[in-house]
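Data from run_15.cif: mmCIF, C-alpha atoms
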```cif
data_target
loop_
_atom_site.group_PDB
_atom_site.id
_atom_site.type_symbol
_atom_site.label_atom_id
_atom_site.label_comp_id
_atom_site.auth_asym_id
_atom_site.auth_seq_id
_atom_site.Cartn_x
_atom_site.Cartn_y
_atom_site.Cartn_z
ATOM 1 C CA MET R 17 -14.311 33.823 -32.472
ATOM 2 C CA ARG R 18 -11.559 36.412 -32.384
ATOM 3 C CA SER R 19 -11.077 36.002 -28.629
ATOM 4 C CA VAL R 20 -10.863 32.241 -29.094
ATOM 5 C CA SER R 21 -8.200 32.515 -31.781
ATOM 6 C CA ARG R 22 -6.219 35.010 -29.752
ATOM 7 C CA ALA R 23 -6.223 32.764 -26.695
ATOM 8 C CA LEU R 24 -5.257 29.763 -28.805
ATOM 9 C CA GLY R 25 -2.056 31.475 -29.880
ATOM 10 C CA ALA R 26 1.113 31.147 -27.811
ATOM 11 C CA SER R 27 0.610 28.725 -24.930
ATOM 12 C CA ALA R 28 -2.771 27.885 -26.439
ATOM 13 C CA VAL R 29 -4.852 25.642 -24.239
ATOM 14 C CA ALA R 30 -2.307 26.030 -21.468
ATOM 15 C CA LEU R 31 -4.264 29.154 -20.701
ATOM 16 C CA ALA R 32 -7.564 27.823 -21.950
ATOM 17 C CA LEU R 33 -7.529 25.056 -19.392
ATOM 18 C CA ALA R 34 -6.700 27.682 -16.812
ATOM 19 C CA ALA R 35 -10.026 29.349 -17.569
ATOM 20 C CA THR R 36 -8.498 32.031 -19.790
ATOM 21 C CA LEU R 37 -9.533 30.971 -23.278
ATOM 22 C CA ALA R 38 -11.807 33.983 -23.369
ATOM 23 C CA PRO R 39 -13.451 36.227 -20.795
ATOM 24 C CA VAL R 40 -16.754 34.381 -21.154
ATOM 25 C CA ALA R 41 -15.101 31.089 -20.239
ATOM 26 C CA ALA R 42 -13.616 32.543 -17.105
ATOM 27 C CA HIS R 43 -16.518 34.601 -15.948
ATOM 28 C CA ALA R 44 -19.737 33.213 -17.336
ATOM 29 C CA ALA R 45 -20.298 30.585 -14.690
ATOM 30 C CA THR R 46 -21.540 31.321 -11.226
ATOM 31 C CA PRO R 47 -19.821 28.900 -8.839
ATOM 32 C CA ALA R 48 -22.143 26.233 -7.541
ATOM 33 C CA PRO R 49 -22.849 26.677 -3.841
ATOM 34 C CA ALA R 50 -20.727 24.572 -1.520
ATOM 35 C CA PRO R 51 -21.732 23.500 1.964
ATOM 36 C CA THR R 52 -21.016 25.834 4.812
ATOM 37 C CA ALA R 53 -18.924 24.410 7.620
ATOM 38 C CA SER R 54 -21.904 23.934 9.871
ATOM 39 C CA ALA R 55 -25.616 24.568 10.034
ATOM 40 C CA SER R 56 -25.082 27.259 12.634
ATOM 41 C CA GLY R 57 -23.926 30.006 10.319
ATOM 42 C CA ALA R 58 -20.234 29.180 9.831
ATOM 43 C CA PRO R 59 -18.572 31.001 6.920
ATOM 44 C CA GLY R 60 -19.184 29.708 3.421
ATOM 45 C CA ARG R 61 -16.346 27.819 1.799
ATOM 46 C CA VAL R 62 -16.573 29.212 -1.738
ATOM 47 C CA LEU R 63 -15.356 32.782 -2.201
ATOM 48 C CA SER R 64 -17.389 35.176 -4.300
ATOM 49 C CA VAL R 65 -14.655 36.990 -6.219
ATOM 50 C CA PRO R 66 -15.371 38.510 -9.653
ATOM 51 C CA GLY R 67 -13.048 36.852 -12.155
ATOM 52 C CA LEU R 68 -12.581 33.632 -10.166
ATOM 53 C CA VAL R 69 -14.545 30.387 -10.214
ATOM 54 C CA ASN R 70 -12.332 28.126 -8.078
ATOM 55 C CA ALA R 71 -11.496 30.132 -4.982
ATOM 56 C CA ARG R 72 -12.182 28.857 -1.497
ATOM 57 C CA ASP R 73 -11.333 28.938 2.176
ATOM 58 C CA LEU R 74 -9.578 25.951 3.756
ATOM 59 C CA GLY R 75 -11.226 26.592 7.115
ATOM 60 C CA GLY R 76 -13.860 24.503 8.835
ATOM 61 C CA TYR R 77 -12.381 21.033 8.421
ATOM 62 C CA THR R 78 -12.346 18.796 11.497
ATOM 63 C CA THR R 79 -9.063 17.156 12.461
ATOM 64 C CA TYR R 80 -8.499 13.737 13.996
ATOM 65 C CA ASP R 81 -8.340 15.253 17.485
ATOM 66 C CA GLY R 82 -11.615 17.124 17.131
ATOM 67 C CA LYS R 83 -10.202 20.565 16.399
ATOM 68 C CA THR R 84 -11.001 22.640 13.331
ATOM 69 C CA THR R 85 -8.988 24.379 10.635
ATOM 70 C CA LYS R 86 -9.283 28.135 10.961
ATOM 71 C CA TRP R 87 -11.511 30.180 8.708
ATOM 72 C CA GLY R 88 -10.045 33.244 7.023
ATOM 73 C CA THR R 89 -6.467 32.039 7.305
ATOM 74 C CA VAL R 90 -5.521 29.978 4.220
ATOM 75 C CA TYR R 91 -7.121 30.290 0.804
ATOM 76 C CA ARG R 92 -6.689 28.355 -2.433
ATOM 77 C CA THR R 93 -7.559 29.891 -5.816
ATOM 78 C CA GLU R 94 -6.789 29.819 -9.507
ATOM 79 C CA THR R 95 -4.512 32.422 -11.090
ATOM 80 C CA LEU R 96 -5.182 35.997 -10.041
ATOM 81 C CA SER R 97 -3.792 37.400 -13.293
ATOM 82 C CA LYS R 98 -7.257 37.948 -14.794
ATOM 83 C CA LEU R 99 -8.939 39.592 -11.828
ATOM 84 C CA THR R 100 -11.326 42.414 -12.574
ATOM 85 C CA PRO R 101 -10.943 45.623 -10.553
ATOM 86 C CA GLU R 102 -13.890 44.404 -8.485
ATOM 87 C CA GLY R 103 -12.064 41.114 -8.024
ATOM 88 C CA VAL R 104 -8.948 42.873 -6.804
ATOM 89 C CA ASN R 105 -11.080 44.701 -4.256
ATOM 90 C CA ALA R 106 -12.704 41.457 -3.147
ATOM 91 C CA VAL R 107 -9.312 39.824 -2.701
ATOM 92 C CA GLY R 108 -8.152 42.896 -0.814
ATOM 93 C CA ALA R 109 -11.004 42.394 1.638
ATOM 94 C CA LEU R 110 -9.477 39.052 2.641
ATOM 95 C CA GLY R 111 -6.617 40.893 4.345
ATOM 96 C CA LEU R 112 -3.919 38.822 2.664
ATOM 97 C CA GLY R 113 -0.287 39.320 3.508
ATOM 98 C CA LYS R 114 1.114 37.049 0.788
ATOM 99 C CA VAL R 115 0.066 35.184 -2.350
ATOM 100 C CA VAL R 116 2.091 32.115 -3.343
ATOM 101 C CA ASP R 117 2.213 31.521 -7.103
ATOM 102 C CA LEU R 118 2.940 27.928 -8.165
ATOM 103 C CA ARG R 119 3.033 28.731 -11.893
ATOM 104 C CA THR R 120 6.224 28.433 -13.914
ATOM 105 C CA ALA R 121 7.928 31.408 -15.557
ATOM 106 C CA PRO R 122 6.626 30.548 -19.067
ATOM 107 C CA GLU R 123 3.086 30.370 -17.714
ATOM 108 C CA ILE R 124 3.407 33.747 -16.036
ATOM 109 C CA SER R 125 4.958 35.220 -19.175
ATOM 110 C CA ALA R 126 2.043 34.014 -21.276
ATOM 111 C CA ASP R 127 -0.758 34.634 -18.812
ATOM 112 C CA GLY R 128 0.449 37.666 -16.887
ATOM 113 C CA THR R 129 1.441 38.395 -13.329
ATOM 114 C CA ASP R 130 -1.111 38.349 -10.534
ATOM 115 C CA ARG R 131 -3.233 41.428 -10.035
ATOM 116 C CA LEU R 132 -2.786 41.937 -6.327
ATOM 117 C CA PRO R 133 -4.142 44.514 -3.898
ATOM 118 C CA ALA R 134 -1.661 47.045 -2.608
ATOM 119 C CA GLY R 135 0.524 45.741 0.184
ATOM 120 C CA VAL R 136 0.224 42.046 -0.702
ATOM 121 C CA THR R 137 3.548 40.260 -1.236
ATOM 122 C CA ALA R 138 3.982 37.848 -4.154
ATOM 123 C CA ALA R 139 6.047 34.695 -3.648
ATOM 124 C CA ALA R 140 7.102 32.624 -6.670
ATOM 125 C CA ARG R 141 7.226 28.876 -5.937
ATOM 126 C CA PRO R 142 7.204 27.379 -9.448
ATOM 127 C CA VAL R 143 6.169 23.735 -9.687
ATOM 128 C CA ASP R 144 6.838 22.040 -13.019
ATOM 129 C CA ASP R 145 3.789 21.089 -15.094
ATOM 130 C CA THR R 146 5.955 18.828 -17.341
ATOM 131 C CA SER R 147 5.034 21.126 -20.244
ATOM 132 C CA LEU R 148 1.646 19.436 -20.180
ATOM 133 C CA PHE R 149 -0.411 22.402 -21.294
ATOM 134 C CA ALA R 150 2.095 23.350 -24.007
ATOM 135 C CA PHE R 151 1.608 19.840 -25.352
ATOM 136 C CA ILE R 152 -2.164 20.221 -25.169
ATOM 137 C CA GLY R 153 -1.955 23.497 -27.056
ATOM 138 C CA GLY R 154 -0.098 21.812 -29.894
ATOM 139 C CA VAL R 155 -2.628 18.991 -30.046
ATOM 140 C CA VAL R 156 -5.581 21.373 -30.138
ATOM 141 C CA ARG R 157 -4.014 23.702 -32.697
ATOM 142 C CA SER R 158 -3.397 20.753 -34.998
ATOM 143 C CA LYS R 159 -7.144 20.626 -35.739
ATOM 144 C CA ASP R 160 -6.515 16.988 -36.667
ATOM 145 C CA PRO R 161 -9.145 14.729 -35.056
ATOM 146 C CA VAL R 162 -7.150 11.569 -35.736
ATOM 147 C CA TYR R 163 -4.023 13.016 -34.121
ATOM 148 C CA GLN R 164 -6.056 14.409 -31.230
ATOM 149 C CA GLN R 165 -7.663 11.048 -30.587
ATOM 150 C CA ALA R 166 -4.263 9.337 -30.654
ATOM 151 C CA GLN R 167 -2.747 11.811 -28.220
ATOM 152 C CA LEU R 168 -5.659 12.202 -25.794
ATOM 153 C CA GLY R 169 -7.993 9.256 -26.287
ATOM 154 C CA ASN R 170 -8.025 5.690 -24.988
ATOM 155 C CA GLY R 171 -6.568 6.635 -21.627
ATOM 156 C CA ALA R 172 -3.660 8.716 -22.971
ATOM 157 C CA ALA R 173 -4.858 11.922 -21.316
ATOM 158 C CA GLU R 174 -5.363 10.154 -17.993
ATOM 159 C CA ALA R 175 -1.866 8.670 -18.230
ATOM 160 C CA ARG R 176 -0.369 12.124 -18.722
ATOM 161 C CA MET R 177 -2.208 13.423 -15.676
ATOM 162 C CA THR R 178 -1.031 10.500 -13.579
ATOM 163 C CA ALA R 179 2.553 11.165 -14.665
ATOM 164 C CA LEU R 180 2.116 14.834 -13.760
ATOM 165 C CA TYR R 181 0.983 13.978 -10.236
ATOM 166 C CA LYS R 182 3.782 11.489 -9.690
ATOM 167 C CA GLY R 183 6.221 14.169 -10.816
ATOM 168 C CA PHE R 184 5.138 16.402 -7.953
ATOM 169 C CA VAL R 185 6.926 13.845 -5.763
ATOM 170 C CA THR R 186 9.754 12.508 -7.947
ATOM 171 C CA ASN R 187 11.025 15.894 -9.192
ATOM 172 C CA PRO R 188 13.414 17.345 -6.555
ATOM 173 C CA GLY R 189 12.664 20.885 -7.671
ATOM 174 C CA ASN R 190 8.949 20.347 -7.205
ATOM 175 C CA ARG R 191 9.460 18.975 -3.711
ATOM 176 C CA ALA R 192 11.606 21.966 -2.798
ATOM 177 C CA GLN R 193 9.003 24.442 -4.030
ATOM 178 C CA LEU R 194 6.092 22.659 -2.353
ATOM 179 C CA GLY R 195 8.070 22.561 0.883
ATOM 180 C CA ALA R 196 8.848 26.261 0.584
ATOM 181 C CA ALA R 197 5.168 27.034 -0.025
ATOM 182 C CA ILE R 198 4.185 25.124 3.100
ATOM 183 C CA LYS R 199 6.766 27.094 5.073
ATOM 184 C CA ASP R 200 5.217 30.280 3.672
ATOM 185 C CA VAL R 201 1.897 29.190 5.188
ATOM 186 C CA ALA R 202 3.471 28.115 8.485
ATOM 187 C CA ASN R 203 5.312 31.403 8.899
ATOM 188 C CA SER R 204 2.500 33.681 7.791
ATOM 189 C CA THR R 205 1.201 36.255 10.232
ATOM 190 C CA LYS R 206 -1.633 37.375 7.958
ATOM 191 C CA PRO R 207 -4.038 35.372 5.800
ATOM 192 C CA ILE R 208 -2.304 33.726 2.848
ATOM 193 C CA ALA R 209 -3.432 32.360 -0.522
ATOM 194 C CA PHE R 210 -1.790 30.017 -3.010
ATOM 195 C CA HIS R 211 -2.623 29.119 -6.593
ATOM 196 C CA CYS R 212 -1.404 27.685 -9.887
ATOM 197 C CA SER R 213 -3.216 28.306 -13.190
ATOM 198 C CA ALA R 214 -6.555 26.546 -12.886
ATOM 199 C CA GLY R 215 -6.238 26.081 -9.121
ATOM 200 C CA LYS R 216 -6.834 22.346 -9.288
ATOM 201 C CA ASP R 217 -3.690 20.187 -9.716
ATOM 202 C CA ARG R 218 -0.620 21.827 -8.140
ATOM 203 C CA THR R 219 -2.901 23.832 -5.889
ATOM 204 C CA GLY R 220 -4.831 20.654 -5.137
ATOM 205 C CA VAL R 221 -1.848 18.601 -4.003
ATOM 206 C CA LEU R 222 -0.508 21.493 -1.933
ATOM 207 C CA ALA R 223 -3.866 21.916 -0.193
ATOM 208 C CA ASP R 224 -4.103 18.163 0.346
ATOM 209 C CA THR R 225 -0.633 18.044 1.866
ATOM 210 C CA ILE R 226 -1.306 20.965 4.202
ATOM 211 C CA LEU R 227 -4.649 19.640 5.378
ATOM 212 C CA ARG R 228 -3.350 16.145 6.033
ATOM 213 C CA ALA R 229 -0.206 17.514 7.706
ATOM 214 C CA VAL R 230 -2.320 19.326 10.300
ATOM 215 C CA GLY R 231 -4.518 16.320 11.015
ATOM 216 C CA VAL R 232 -7.441 16.519 8.595
ATOM 217 C CA PRO R 233 -8.394 12.955 7.592
ATOM 218 C CA ALA R 234 -7.394 11.965 4.064
ATOM 219 C CA PRO R 235 -10.990 11.351 2.889
ATOM 220 C CA THR R 236 -12.014 14.825 4.040
ATOM 221 C CA SER R 237 -9.042 16.401 2.293
ATOM 222 C CA GLU R 238 -9.901 14.479 -0.856
ATOM 223 C CA GLN R 239 -13.383 15.976 -0.853
ATOM 224 C CA ASP R 240 -11.856 19.459 -0.803
ATOM 225 C CA TYR R 241 -9.673 18.429 -3.739
ATOM 226 C CA LEU R 242 -12.649 17.108 -5.727
ATOM 227 C CA LEU R 243 -14.675 20.281 -5.119
ATOM 228 C CA SER R 244 -12.774 21.840 -8.041
ATOM 229 C CA ASN R 245 -14.887 19.733 -10.404
ATOM 230 C CA THR R 246 -18.099 21.279 -9.110
ATOM 231 C CA LEU R 247 -16.780 24.821 -9.171
ATOM 232 C CA ARG R 248 -15.137 24.574 -12.589
ATOM 233 C CA ALA R 249 -17.787 22.506 -14.391
ATOM 234 C CA ALA R 250 -19.600 25.349 -16.155
ATOM 235 C CA SER R 251 -16.495 27.259 -17.248
ATOM 236 C CA ASP R 252 -14.804 24.051 -18.416
ATOM 237 C CA LYS R 253 -17.826 23.149 -20.536
ATOM 238 C CA ALA R 254 -17.887 26.674 -21.967
ATOM 239 C CA LEU R 255 -14.272 26.197 -23.003
ATOM 240 C CA ARG R 256 -15.042 22.910 -24.746
ATOM 241 C CA ASP R 257 -17.988 24.500 -26.534
ATOM 242 C CA GLN R 258 -15.757 27.340 -27.747
ATOM 243 C CA VAL R 259 -13.055 24.982 -28.960
ATOM 244 C CA ARG R 260 -15.640 23.062 -30.977
ATOM 245 C CA ALA R 261 -17.295 26.212 -32.347
ATOM 246 C CA ALA R 262 -13.931 27.631 -33.414
ATOM 247 C CA GLY R 263 -13.169 24.478 -35.392
ATOM 248 C CA TYR R 264 -10.217 23.306 -33.324
ATOM 249 C CA MET R 265 -11.708 19.996 -32.173
ATOM 250 C CA GLN R 266 -14.529 17.793 -33.381
ATOM 251 C CA ASN R 267 -14.492 15.976 -30.030
ATOM 252 C CA PRO R 268 -13.517 18.445 -27.298
ATOM 253 C CA ASP R 269 -14.639 15.943 -24.678
ATOM 254 C CA LEU R 270 -11.140 14.511 -25.116
ATOM 255 C CA LEU R 271 -10.107 17.427 -22.894
ATOM 256 C CA ILE R 272 -12.257 16.351 -19.946
ATOM 257 C CA PRO R 273 -9.610 14.145 -18.250
ATOM 258 C CA LEU R 274 -7.270 17.132 -18.377
ATOM 259 C CA GLN R 275 -9.805 19.605 -17.074
ATOM 260 C CA GLU R 276 -11.027 17.513 -14.175
ATOM 261 C CA VAL R 277 -9.451 16.446 -10.930
ATOM 262 C CA ARG R 278 -9.877 12.776 -10.120
ATOM 263 C CA SER R 279 -9.347 10.546 -7.129
ATOM 264 C CA ASP R 280 -6.979 8.422 -9.204
ATOM 265 C CA TYR R 281 -4.747 11.423 -9.849
ATOM 266 C CA LEU R 282 -4.584 12.347 -6.184
ATOM 267 C CA ALA R 283 -3.924 8.707 -5.305
ATOM 268 C CA ALA R 284 -0.971 8.708 -7.720
ATOM 269 C CA PHE R 285 0.550 11.621 -5.786
ATOM 270 C CA ARG R 286 -0.148 10.137 -2.370
ATOM 271 C CA ASN R 287 1.027 6.650 -3.313
ATOM 272 C CA GLN R 288 4.218 7.946 -4.906
ATOM 273 C CA ALA R 289 5.041 9.845 -1.718
ATOM 274 C CA VAL R 290 4.690 6.695 0.369
ATOM 275 C CA ALA R 291 6.528 4.550 -2.193
ATOM 276 C CA ASP R 292 9.505 6.922 -2.232
ATOM 277 C CA TYR R 293 9.641 7.866 1.466
ATOM 278 C CA GLY R 294 7.910 5.067 3.351
ATOM 279 C CA SER R 295 5.175 7.159 4.951
ATOM 280 C CA PHE R 296 3.383 10.470 4.601
ATOM 281 C CA GLY R 297 5.241 11.789 7.649
ATOM 282 C CA ASP R 298 8.621 10.973 6.133
ATOM 283 C CA PHE R 299 7.532 12.581 2.881
ATOM 284 C CA LEU R 300 6.858 15.786 4.813
ATOM 285 C CA THR R 301 10.240 15.776 6.535
ATOM 286 C CA THR R 302 12.676 13.999 4.210
ATOM 287 C CA GLY R 303 10.873 14.713 0.952
ATOM 288 C CA LEU R 304 9.681 18.281 1.471
ATOM 289 C CA GLY R 305 12.363 19.349 3.943
ATOM 290 C CA LEU R 306 9.968 20.371 6.704
ATOM 291 C CA THR R 307 11.296 20.356 10.246
ATOM 292 C CA PRO R 308 9.283 19.438 13.346
ATOM 293 C CA SER R 309 9.269 23.157 14.126
ATOM 294 C CA ASP R 310 7.810 23.922 10.688
ATOM 295 C CA LEU R 311 5.046 21.382 11.222
ATOM 296 C CA LEU R 312 4.242 22.685 14.690
ATOM 297 C CA LYS R 313 4.013 26.239 13.354
ATOM 298 C CA LEU R 314 1.838 25.041 10.494
ATOM 299 C CA ARG R 315 -0.529 23.361 12.912
ATOM 300 C CA SER R 316 -0.611 26.364 15.240
ATOM 301 C CA ARG R 317 -1.206 28.723 12.358
ATOM 302 C CA THR R 318 -4.033 26.774 10.728
ATOM 303 C CA VAL R 319 -5.871 24.868 13.490
ATOM 304 C CA SER R 320 -7.789 26.091 16.515
#
```

Would you kindly transcribe this structure into structure tokens?
Amino acid sequence: MRSVSRALGASAVALALAATLAPVAAHAATPAPAPTASASGAPGRVLSVPGLVNARDLGGYTTYDGKTTKWGTVYRTETLSKLTPEGVNAVGALGLGKVVDLRTAPEISADGTDRLPAGVTAAARPVDDTSLFAFIGGVVRSKDPVYQQAQLGNGAAEARMTALYKGFVTNPGNRAQLGAAIKDVANSTKPIAFHCSAGKDRTGVLADTILRAVGVPAPTSEQDYLLSNTLRAASDKALRDQVRAAGYMQNPDLLIPLQEVRSDYLAAFRNQAVADYGSFGDFLTTGLGLTPSDLLKLRSRTVS
């Protein structure tokens, strides 16, 4: 229990929900296999990296015009701050030139900087999490089941997640950082990766925006987004089991809406973008500050 108590200190479940409650939560689960891009031996989507459960390649998706996103070019992961030495070596084998970190400064301070292979550049593009995980930490540390139910039950947790996703659009700072991250991808000359803490929400909307911007149909992009649930299921359950065993929550299932990604959350982001800017295309240009040249470079860089 000592590792549980230590992780439930400062930032508490902020890190727990990012698969860092304890080493067993981060590393115990073997990622469920995901489909390869084709039956003819195309690369597998899920990366086998010690210390990561939610790392994958954005290659192999078919666009509206029949082309395909490139393998080995853009990767999405969770935080790289807890990589094992073997994990660092595995990431090094990807040949990355840059890793884009969407975490905020307090998250990095609590969780640690990324453990990157030599020669890989780190780019900070902090996207606000509305102090969501700090709030969760306080709720969990209260050990009060009545308070926890009031704060997370009866749709309250889902409402907080919906507000988070809308804030990716309505917060000018978030739009600026997401736009800058997309430009990082467009201008990359080597493979590039991006991540937040758990690699599911901020990372998820960034991946969704990139895929749709280069012509991947929205339903296909949504399936990539939802894959986080499959990959994170075992480690998320391990976290809930630890929280219960340590006496922090009688009903840790209250955390499930916060641990999962859901179509409703993604729809809140997509719908807010259209509501504020009129169309997805105008969100890209007016909202995120991407120029036609940026979008052409993004397409050229990621689609073949």

### Message
So that I can check the surroundings of stretch 210-225 of chain R, please list as number ranges by chain every protein, DNA and RNA residue that reaches within 7 Å of it, counting only C-alpha atoms and ignoring chain neighbours fewer than 2 positions away.
### Response
R: 33-35, 70, 91-95, 115-119, 194, 208, 227-229, 237-238, 241, 244, 277

### Query
Interatomic distance between atom CA of R:Ser147 and atom CA of R:Leu306?
27.4 Å

### Task
Give the answer as one residue: which of R:Gly305, R:Gly76, R:Gly128, R:Gly135 has the shortest atom-to-atom distance to R:Ala197, using only C-alpha atoms?
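Answer, going by the shortest atom-to-atom distance: R:Gly305.
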
### Message
I'd like to see the residues matched by the PyMOL selection byres ((chain R and resi 120) around 8) on this file, and ideally I'd get them as a ChimeraX atom specification.
### Response
/R:118-119,121-124,142-145

Ground truth for the PyMOL selection byres ((chain R and resi 184-191) around 7), written as an mmCIF file with C-alpha atoms, in the frame of the given file:
```
data_model
loop_
_atom_site.group_PDB
_atom_site.id
_atom_site.type_symbol
_atom_site.label_atom_id
_atom_site.label_comp_id
_atom_site.auth_asym_id
_atom_site.auth_seq_id
_atom_site.Cartn_x
_atom_site.Cartn_y
_atom_site.Cartn_z
ATOM 1 C CA VAL R 143 6.169 23.735 -9.687
ATOM 2 C CA ASP R 144 6.838 22.040 -13.019
ATOM 3 C CA LEU R 180 2.116 14.834 -13.760
ATOM 4 C CA TYR R 181 0.983 13.978 -10.236
ATOM 5 C CA LYS R 182 3.782 11.489 -9.690
ATOM 6 C CA GLY R 183 6.221 14.169 -10.816
ATOM 7 C CA ALA R 192 11.606 21.966 -2.798
ATOM 8 C CA GLN R 193 9.003 24.442 -4.030
ATOM 9 C CA LEU R 194 6.092 22.659 -2.353
ATOM 10 C CA GLY R 195 8.070 22.561 0.883
ATOM 11 C CA PHE R 285 0.550 11.621 -5.786
ATOM 12 C CA GLN R 288 4.218 7.946 -4.906
ATOM 13 C CA ALA R 289 5.041 9.845 -1.718
ATOM 14 C CA GLY R 303 10.873 14.713 0.952
ATOM 15 C CA LEU R 304 9.681 18.281 1.471
#
```

### Task
Using the chain letters and numbering of this document, enumerate as a list in words the residues selected by the PyMOL selection byres ((chain R and resi 97) around 6).
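When the PyMOL selection byres ((chain R and resi 97) around 6) is applied, the selected residues are Thr95, Leu96, Lys98, Leu99, Gly128, Thr129, Asp130 and Arg131 of chain R.
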
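Nearest to R:Ala175 of all the residues R:Val201, R:Gly153, R:Lys313, R:Leu274 is R:Leu274, based on only C-alpha atoms.
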
Would you list the contacts of R:Thr318 as a tab-separated table (two decimals) with C-alpha atoms, in the frame of the given file, taking every protein, DNA or RNA residue within 7 Å and counting all atoms listed in the file, but skipping same-chain residues closer than 4 positions in sequence?
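After the write, around08.tsv holds the following:
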```tsv
chain	number	residue	atom	x	y	z
R	85	THR	CA	-8.99	24.38	10.64
R	86	LYS	CA	-9.28	28.14	10.96
R	89	THR	CA	-6.47	32.04	7.30
R	314	LEU	CA	1.84	25.04	10.49
```

### Summary
Counting only C-alpha atoms, the residue among R:Gly154, R:Gly60, R:Gly113, R:Pro101 that lies closest to R:Pro207 is R:Gly113

### Query
Of the candidates R:Val162, R:Ser204, R:Leu74, R:Val156, which shows the shortest atom-to-atom distance to R:Leu112, using only C-alpha atoms?
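Among the listed residues, the smallest separation from R:Leu112 belongs to R:Ser204.
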
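For the residues R:Ser320, R:Ala283, R:Leu243, R:Pro273, ranking by smallest atom-to-atom distance to R:Gly169 using only C-alpha atoms places R:Pro273 first.
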
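Between atom CA of R:Ser251 and atom CA of R:Tyr264 the interatomic distance comes to 17.7 Å.
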
### Task
Quote the spacing between atom CA of R:Thr84 and atom CA of R:Asp240 in Å to one decimal place.
14.5 Å

### Message
When you look at R:Asp73 with a cut-off of 7 Å (counting all atoms listed in the file), what residues show up, excluding the ones that are within fewer than 6 positions of it in the same chain? I need them as JSON, numbers by chain.
### Response
{"R": [61, 62, 87, 88, 90, 91, 92]}

Shell of 6 Å around R:Pro133, all atoms listed in the file, local chain residues under 2 positions omitted, as a CSV table (one decimal) with C-alpha atoms, in the frame of the given file:
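Below is the file around.csv, written as the result:
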```
chain,number,residue,atom,x,y,z
R,104,VAL,CA,-8.9,42.9,-6.8
R,108,GLY,CA,-8.2,42.9,-0.8
R,136,VAL,CA,0.2,42.0,-0.7
```

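Among the candidate residues R:Ala109, R:Gly103, R:Asp269, R:Ser158, the one lying nearest to R:Val69 is R:Gly103, with distances computed using all atoms listed in the file.
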
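Using only C-alpha atoms, the residues found no farther than 12 Å from R:Tyr163, other than those of its own chain fewer than 4 positions away, are Ile152, Gly154, Val155, Val156, Arg157, Ser158, Lys159, Gln167, Leu168, Gly169, Ala172, Met265, Gln266, Asn267 and Leu270 of chain R.
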